[in-house]
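Below is input35.cif, holding mmCIF, C-alpha atoms and all ligand atoms.
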data_entry
loop_
_atom_site.label_atom_id
_atom_site.label_comp_id
_atom_site.auth_asym_id
_atom_site.auth_seq_id
_atom_site.Cartn_x
_atom_site.Cartn_y
_atom_site.Cartn_z
CA MET A 1 -15.43 -23.07 22.84
CA GLU A 2 -14.98 -25.33 19.79
CA LYS A 3 -14.87 -24.16 16.18
CA LYS A 4 -17.68 -25.56 14.06
CA ALA A 5 -17.92 -24.49 10.41
CA GLU A 6 -15.73 -22.04 8.53
CA LEU A 7 -17.99 -19.08 7.87
CA TYR A 8 -15.53 -16.93 5.96
CA ARG A 9 -11.90 -17.15 4.88
CA GLY A 10 -10.38 -13.68 4.63
CA LYS A 11 -6.93 -12.68 3.49
CA ALA A 12 -5.36 -12.99 6.95
CA LYS A 13 -7.97 -14.50 9.24
CA SER A 14 -10.56 -17.25 9.10
CA VAL A 15 -13.88 -16.90 10.85
CA TYR A 16 -15.66 -19.92 12.39
CA THR A 17 -19.07 -20.44 13.89
CA THR A 18 -19.31 -22.00 17.36
CA ASP A 19 -21.98 -23.81 19.39
CA ASP A 20 -23.10 -20.37 20.54
CA PRO A 21 -24.82 -18.51 17.66
CA THR A 22 -23.74 -15.18 19.17
CA ARG A 23 -20.03 -16.03 19.18
CA LEU A 24 -17.35 -16.61 16.51
CA VAL A 25 -13.77 -17.83 16.57
CA LEU A 26 -11.27 -15.60 14.75
CA LEU A 27 -8.27 -17.63 13.61
CA PHE A 28 -5.22 -15.50 12.82
CA ARG A 29 -3.22 -17.11 10.02
CA ASN A 30 0.38 -16.42 8.98
CA ASP A 31 -0.82 -15.19 5.58
CA THR A 32 0.21 -11.61 4.95
CA SER A 33 -1.28 -9.72 2.06
CA ALA A 34 -0.95 -6.28 0.51
CA PHE A 35 -2.25 -4.37 -2.49
CA ASP A 36 -5.77 -5.84 -2.16
CA GLY A 37 -4.46 -9.40 -2.02
CA GLU A 38 -2.06 -9.13 -4.98
CA LYS A 39 1.03 -9.75 -2.83
CA VAL A 40 0.68 -12.69 -0.41
CA GLU A 41 3.28 -14.45 1.74
CA GLN A 42 3.36 -16.72 4.75
CA LEU A 43 5.28 -15.17 7.63
CA ASP A 44 6.18 -17.48 10.51
CA ARG A 45 4.66 -16.52 13.91
CA LYS A 46 2.64 -13.61 12.46
CA GLY A 47 -0.74 -15.18 13.28
CA MET A 48 0.24 -15.76 16.89
CA VAL A 49 1.76 -12.27 17.29
CA ASN A 50 -1.27 -10.51 15.79
CA ASN A 51 -3.75 -12.56 17.80
CA LYS A 52 -2.06 -11.73 21.10
CA PHE A 53 -1.37 -8.14 20.05
CA ASN A 54 -5.02 -7.66 19.10
CA HIS A 55 -6.24 -9.17 22.38
CA PHE A 56 -3.92 -6.85 24.34
CA ILE A 57 -5.10 -3.74 22.47
CA MET A 58 -8.81 -4.62 22.60
CA THR A 59 -8.48 -5.20 26.35
CA LYS A 60 -6.87 -1.77 26.81
CA LEU A 61 -9.61 -0.18 24.72
CA GLU A 62 -12.37 -1.91 26.72
CA GLU A 63 -10.76 -0.61 29.92
CA ALA A 64 -10.86 2.89 28.43
CA GLY A 65 -14.58 2.59 27.61
CA VAL A 66 -14.49 1.52 23.94
CA PRO A 67 -16.91 -1.40 23.49
CA THR A 68 -15.29 -4.23 21.51
CA GLN A 69 -16.04 -7.69 20.18
CA MET A 70 -13.44 -9.35 22.42
CA ASP A 71 -14.37 -12.19 24.75
CA ARG A 72 -11.07 -14.02 25.30
CA LEU A 73 -8.03 -15.67 23.82
CA LEU A 74 -8.63 -19.34 23.04
CA SER A 75 -5.16 -20.35 21.87
CA ASP A 76 -2.01 -18.89 20.32
CA ASN A 77 -3.85 -18.19 17.06
CA GLU A 78 -7.50 -17.99 18.06
CA ALA A 79 -9.79 -15.58 19.88
CA LEU A 80 -13.45 -15.87 20.83
CA VAL A 81 -15.42 -12.80 19.78
CA LYS A 82 -18.99 -11.58 19.54
CA LYS A 83 -20.57 -12.22 16.17
CA LEU A 84 -21.12 -8.78 14.69
CA ASP A 85 -23.18 -7.63 11.78
CA MET A 86 -20.22 -5.89 10.13
CA VAL A 87 -20.54 -2.42 8.61
CA PRO A 88 -18.70 -2.71 5.25
CA VAL A 89 -16.82 0.49 5.86
CA GLU A 90 -13.25 1.14 7.04
CA CYS A 91 -12.61 4.08 9.37
CA VAL A 92 -9.12 5.56 9.04
CA VAL A 93 -7.55 8.21 11.26
CA ARG A 94 -4.20 9.76 10.36
CA ASN A 95 -1.94 11.63 12.74
CA VAL A 96 0.90 11.79 10.22
CA ALA A 97 0.72 11.60 6.41
CA ALA A 98 1.74 8.24 4.89
CA GLY A 99 0.44 5.76 2.32
CA SER A 100 -2.57 6.58 0.18
CA ILE A 101 -3.06 10.15 1.39
CA CYS A 102 0.41 11.02 0.07
CA ARG A 103 -0.44 9.55 -3.33
CA ARG A 104 -3.91 11.14 -3.46
CA LEU A 105 -3.05 14.63 -2.23
CA GLY A 106 0.60 14.84 -3.21
CA VAL A 107 1.78 15.51 0.33
CA GLN A 108 5.12 14.46 1.77
CA GLU A 109 5.27 11.33 3.94
CA GLY A 110 5.85 12.37 7.53
CA LEU A 111 3.82 15.60 7.44
CA ASP A 112 2.20 16.15 10.83
CA LEU A 113 -1.60 16.28 10.59
CA THR A 114 -3.02 18.52 13.29
CA PRO A 115 -5.84 17.97 13.87
CA PRO A 116 -5.82 14.35 12.68
CA THR A 117 -7.81 13.54 9.53
CA PHE A 118 -10.64 11.02 9.30
CA GLU A 119 -11.53 9.05 6.16
CA PHE A 120 -14.07 6.39 5.23
CA PHE A 121 -13.30 3.64 2.69
CA LEU A 122 -15.66 1.04 1.30
CA LYS A 123 -14.46 -2.47 2.20
CA ASN A 124 -14.31 -3.95 -1.29
CA ASP A 125 -11.09 -5.47 -2.66
CA ALA A 126 -12.45 -5.77 -6.22
CA LEU A 127 -12.98 -2.00 -6.26
CA HIS A 128 -9.68 -1.38 -4.36
CA ASP A 129 -11.44 -0.05 -1.26
CA PRO A 130 -12.56 3.31 -2.73
CA MET A 131 -12.80 6.36 -0.53
CA ILE A 132 -16.40 7.26 0.35
CA ASN A 133 -18.17 9.85 2.47
CA GLU A 134 -21.09 9.88 4.88
CA TYR A 135 -23.57 10.58 2.11
CA HIS A 136 -22.60 7.33 0.36
CA ILE A 137 -23.03 5.43 3.61
CA ARG A 138 -26.49 6.96 4.05
CA SER A 139 -27.65 6.61 0.41
CA PHE A 140 -26.54 2.99 0.12
CA GLY A 141 -27.79 2.11 3.60
CA TRP A 142 -24.47 0.72 4.86
CA ALA A 143 -25.13 2.26 8.29
CA THR A 144 -27.52 4.71 9.93
CA ASP A 145 -26.50 8.29 10.69
CA GLU A 146 -26.48 7.40 14.37
CA GLN A 147 -24.14 4.46 13.76
CA VAL A 148 -21.86 6.63 11.61
CA ALA A 149 -21.65 9.22 14.38
CA ARG A 150 -20.83 6.50 16.89
CA MET A 151 -18.14 4.95 14.65
CA LYS A 152 -16.47 8.35 14.30
CA GLU A 153 -16.70 9.05 18.02
CA LEU A 154 -15.20 5.66 18.89
CA THR A 155 -12.48 5.91 16.22
CA PHE A 156 -11.28 9.22 17.68
CA LYS A 157 -11.51 7.83 21.21
CA VAL A 158 -9.27 4.96 20.07
CA ASN A 159 -6.81 7.61 18.83
CA ASP A 160 -6.70 9.30 22.25
CA VAL A 161 -6.08 5.99 24.02
CA LEU A 162 -3.62 4.42 21.60
CA LYS A 163 -1.59 7.51 20.69
CA LYS A 164 -0.62 7.72 24.36
CA LEU A 165 -0.10 3.97 24.76
CA PHE A 166 2.28 3.86 21.79
CA ASP A 167 3.95 7.16 22.69
CA ASP A 168 4.80 5.74 26.13
CA ALA A 169 6.46 2.83 24.27
CA GLY A 170 8.56 5.18 22.11
CA LEU A 171 6.32 4.81 19.06
CA ILE A 172 4.35 7.17 16.83
CA LEU A 173 0.87 6.02 15.85
CA VAL A 174 0.91 7.34 12.28
CA ASP A 175 -2.46 6.00 11.11
CA TYR A 176 -4.82 3.04 11.54
CA LYS A 177 -7.91 1.38 10.13
CA LEU A 178 -10.86 0.21 12.22
CA GLU A 179 -13.93 -1.86 11.36
CA PHE A 180 -17.13 -1.80 13.36
CA GLY A 181 -20.16 -4.04 13.59
CA VAL A 182 -23.52 -4.12 15.31
CA PHE A 183 -24.35 -6.47 18.19
CA ASN A 184 -27.77 -6.29 19.86
CA GLY A 185 -28.24 -2.82 18.37
CA GLU A 186 -24.91 -1.52 19.72
CA VAL A 187 -21.89 -0.48 17.63
CA LEU A 188 -18.81 -2.46 18.73
CA LEU A 189 -15.22 -2.41 17.51
CA GLY A 190 -14.59 -5.56 15.48
CA ASP A 191 -11.93 -7.17 13.33
CA GLU A 192 -8.42 -6.50 14.65
CA PHE A 193 -5.95 -3.88 15.75
CA SER A 194 -2.42 -5.01 14.93
CA PRO A 195 0.60 -3.77 12.95
CA ASP A 196 -1.12 -5.24 9.89
CA GLY A 197 -3.72 -2.45 9.98
CA CYS A 198 -1.84 0.55 11.34
CA ARG A 199 1.43 2.40 10.88
CA LEU A 200 3.88 2.65 13.74
CA TRP A 201 7.21 4.46 13.59
CA ASP A 202 9.98 4.50 16.14
CA LYS A 203 9.86 7.94 17.78
CA ALA A 204 13.61 8.52 17.71
CA THR A 205 14.60 7.04 14.33
CA ARG A 206 11.24 7.02 12.47
CA GLN A 207 11.98 3.40 11.52
CA LYS A 208 8.85 1.66 10.20
CA LEU A 209 7.62 -1.15 12.47
CA ASP A 210 4.39 -2.13 10.69
CA LYS A 211 3.08 -3.72 7.49
CA ASP A 212 4.88 -1.14 5.34
CA ARG A 213 7.93 -3.37 5.93
CA PHE A 214 6.06 -6.04 3.94
CA ARG A 215 4.53 -3.66 1.38
CA GLN A 216 7.91 -2.06 0.69
CA GLY A 217 9.97 -5.28 0.89
CA LEU A 218 12.04 -3.98 3.80
CA GLY A 219 12.29 -7.39 5.51
CA GLY A 220 12.11 -8.14 9.24
CA VAL A 221 8.32 -7.87 9.24
CA VAL A 222 7.42 -10.18 12.11
CA GLU A 223 10.56 -9.13 14.02
CA ALA A 224 9.24 -5.55 13.89
CA TYR A 225 5.79 -6.63 15.11
CA GLU A 226 7.46 -8.54 17.95
CA GLU A 227 9.54 -5.49 18.83
CA VAL A 228 6.38 -3.40 19.12
CA ALA A 229 4.68 -6.12 21.19
CA HIS A 230 7.71 -6.33 23.46
CA ARG A 231 7.77 -2.55 24.01
CA LEU A 232 4.07 -2.54 24.92
CA GLY A 233 4.46 -5.48 27.28
CA VAL A 234 2.33 -7.92 25.26
CA LYS A 235 3.06 -11.47 26.47
CA LEU A 236 3.86 -13.59 23.40
CA ASP A 237 5.24 -16.87 24.80
P1 LIG A 301 -10.45 -9.54 4.75
O1 LIG A 301 -11.91 -9.86 4.72
O2 LIG A 301 -10.21 -8.07 4.52
O3 LIG A 301 -9.61 -10.41 3.90
P2 LIG A 301 -9.59 -10.85 7.24
O4 LIG A 301 -8.72 -11.88 6.61
O5 LIG A 301 -9.07 -10.17 8.43
O6 LIG A 301 -9.97 -9.66 6.27
O7 LIG A 301 -10.98 -11.55 7.53
C1 LIG A 301 -11.72 -11.31 8.65
C2 LIG A 301 -13.16 -11.03 8.27
O8 LIG A 301 -13.97 -11.18 9.41
C3 LIG A 301 -13.36 -9.60 7.76
O9 LIG A 301 -14.23 -9.63 6.66
C4 LIG A 301 -14.01 -8.89 8.95
O10 LIG A 301 -14.87 -7.85 8.53
C5 LIG A 301 -14.78 -10.03 9.59
N1 LIG A 301 -14.96 -9.88 11.05
C6 LIG A 301 -14.03 -9.44 11.91
N2 LIG A 301 -14.49 -9.44 13.17
C7 LIG A 301 -15.76 -9.91 13.10
C8 LIG A 301 -16.79 -10.14 14.07
N3 LIG A 301 -16.57 -9.90 15.36
N4 LIG A 301 -18.00 -10.60 13.64
C9 LIG A 301 -18.21 -10.84 12.31
N5 LIG A 301 -17.28 -10.66 11.35
C10 LIG A 301 -16.06 -10.20 11.74
N1 LIG A 302 -5.45 -0.27 6.02
C1 LIG A 302 -5.87 -1.54 6.31
N2 LIG A 302 -6.61 -2.22 5.39
C2 LIG A 302 -6.96 -1.71 4.21
C3 LIG A 302 -6.53 -0.38 3.91
C4 LIG A 302 -5.78 0.31 4.82
O1 LIG A 302 -5.58 -2.05 7.38
O2 LIG A 302 -7.64 -2.37 3.42
C5 LIG A 302 -4.66 0.50 6.99
C6 LIG A 302 -3.20 0.67 6.58
O3 LIG A 302 -2.41 -0.37 7.12
C7 LIG A 302 -2.85 2.00 7.17
C8 LIG A 302 -4.18 2.78 7.17
O4 LIG A 302 -5.20 1.81 7.06
O5 LIG A 302 -2.43 1.86 8.52
C9 LIG A 302 -4.29 3.75 6.02
O6 LIG A 302 -4.04 3.07 4.81
P1 LIG A 302 -3.87 3.89 3.43
O7 LIG A 302 -5.17 4.52 3.08
O8 LIG A 302 -2.70 4.78 3.55
O9 LIG A 302 -3.65 2.76 2.37
P2 LIG A 302 -2.33 1.94 1.97
O10 LIG A 302 -1.44 2.87 1.25
O11 LIG A 302 -1.76 1.45 3.24
O12 LIG A 302 -2.87 0.85 1.12
#
Exercise: express the given structure as structure tokens:
Amino acid sequence: MEKKAELYRGKAKSVYTTDDPTRLVLLFRNDTSAFDGEKVEQLDRKGMVNNKFNHFIMTKLEEAGVPTQMDRLLSDNEALVKKLDMVPVECVVRNVAAGSICRRLGVQEGLDLTPPTFEFFLKNDALHDPMINEYHIRSFGWATDEQVARMKELTFKVNDVLKKLFDDAGLILVDYKLEFGVFNGEVLLGDEFSPDGCRLWDKATRQKLDKDRFRQGLGGVVEAYEEVAHRLGVKLD
């Protein structure tokens, strides 16, 4: 499937229309951004690693009964996906405290969260992705109550599937962000699942193997992503 016009250029991916109005091409670039786009760098191989990582994870999720956008890989940096009507809301589950929850609630990084927490954020860089709740989603019409319930159900299902997948690879799934969209009336998982949008720590050493390496200037960002991919058995070359 050929790319036609660029529909949207995001911070890390570009989205293209295709000959099929129901399908898009997601192009994973090497651009890496943090702090709502304030820090941006090009990291060699990152686009390829995230594209293949995302395809691997979405395939595992589909197998476990989570409906996703994924059709197939098109190339090292491109995937063909269903064109979703995106819900402008980010769904975050946390198994361990890290990042913004530590700043907001003054809790120590590394605190075990049992049961896991769930948070909604509005996808809006200009407003720094503010935290919202279900009433905001309802009042502003970002999604129906039924869609919200489905997004929550699927986000927790993803936790069940991926916590185990990463645990088997010697990794702790600390937290992650998901985006959903609607396709023919059905809520599907969209966007991407990669170390850019989750936190993964080595189980034994608690070494960070995700985008916090970039945020915190720890170096070895793509090497860490490749290490995670290697442990999961994602084929990169
Ligand atoms: P951002 O918009 O945060 O900078 P990206 O660089 O990842 O993020 O850009 C990808 C954009 O494509 C996001 O806005 C995302 O919501 C959107 N998107 C992801 N998957 C799909 C899809 N299947 N259909 C339509 N839009 C999608
Ligand atoms: N996240 C993301 N995109 C965002 C905000 C958060 O992918 O715009 C991910 C982030 O990588 C982490 C989780 O969501 O895995 C929770 O992020 P948090 O609220 O802690 O914000 P952060 O401190 O990472 O900005």
Set the cut-off to 10 Å, count all atoms listed in the file, and list whatever residues fall near ligand LIG 302 (chain A) as a PyMOL selection string.
-> chain A and resi 33-37+89-94+97-104+119-125+128-131+173-179+192-200+210-212+215
How would you write, as a VMD selection string, the set of residues no farther than 10 Å from ligand LIG 301 (chain A) when counting all atoms listed in the file?
-> chain A and resid 7 to 17 22 to 29 31 to 33 36 to 37 68 to 71 79 to 90 123 to 125 129 178 to 183 188 to 192 196 to 197
CA of Val187 (chain A) and CA of Gly65 (chain A), how far apart in Å?
->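 Separation between CA of Gly65 (chain A) and CA of Val187 (chain A): 12.7 Å.
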Using all atoms listed in the file, which residues sit within 8 Å of Asp19 (chain A) once same-chain residues fewer than 2 positions away are excluded, as a PyMOL selection string?
-> chain A and resi 1-4+17+21
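Take CA of Val66 (chain A) and CA of Leu154 (chain A): the distance between them is 6.6 Å.
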Using all atoms listed in the file, give me every residue within 10 Å of (8.0, -8.3, 11.8) in file coordinates, as a PyMOL selection string.
-> chain A and resi 43-46+49+195-196+209-211+213-214+218-228
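You will find CA of Phe166 (chain A) at 24.2 Å from CA of Glu78 (chain A).
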For Val158 (chain A), the nearest of the candidates A:Ala64, A:Met48, A:Ala5, A:Ala204, counting all atoms listed in the file |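 Looking only at the distances to Val158 (chain A), the closest residue turns out to be A:Ala64.
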So, counting only C-alpha atoms, which residue among A:Asn30, A:Ile132, A:Lys39, A:Ala143 is closest to Gln216 (chain A)?
-> A:Lys39
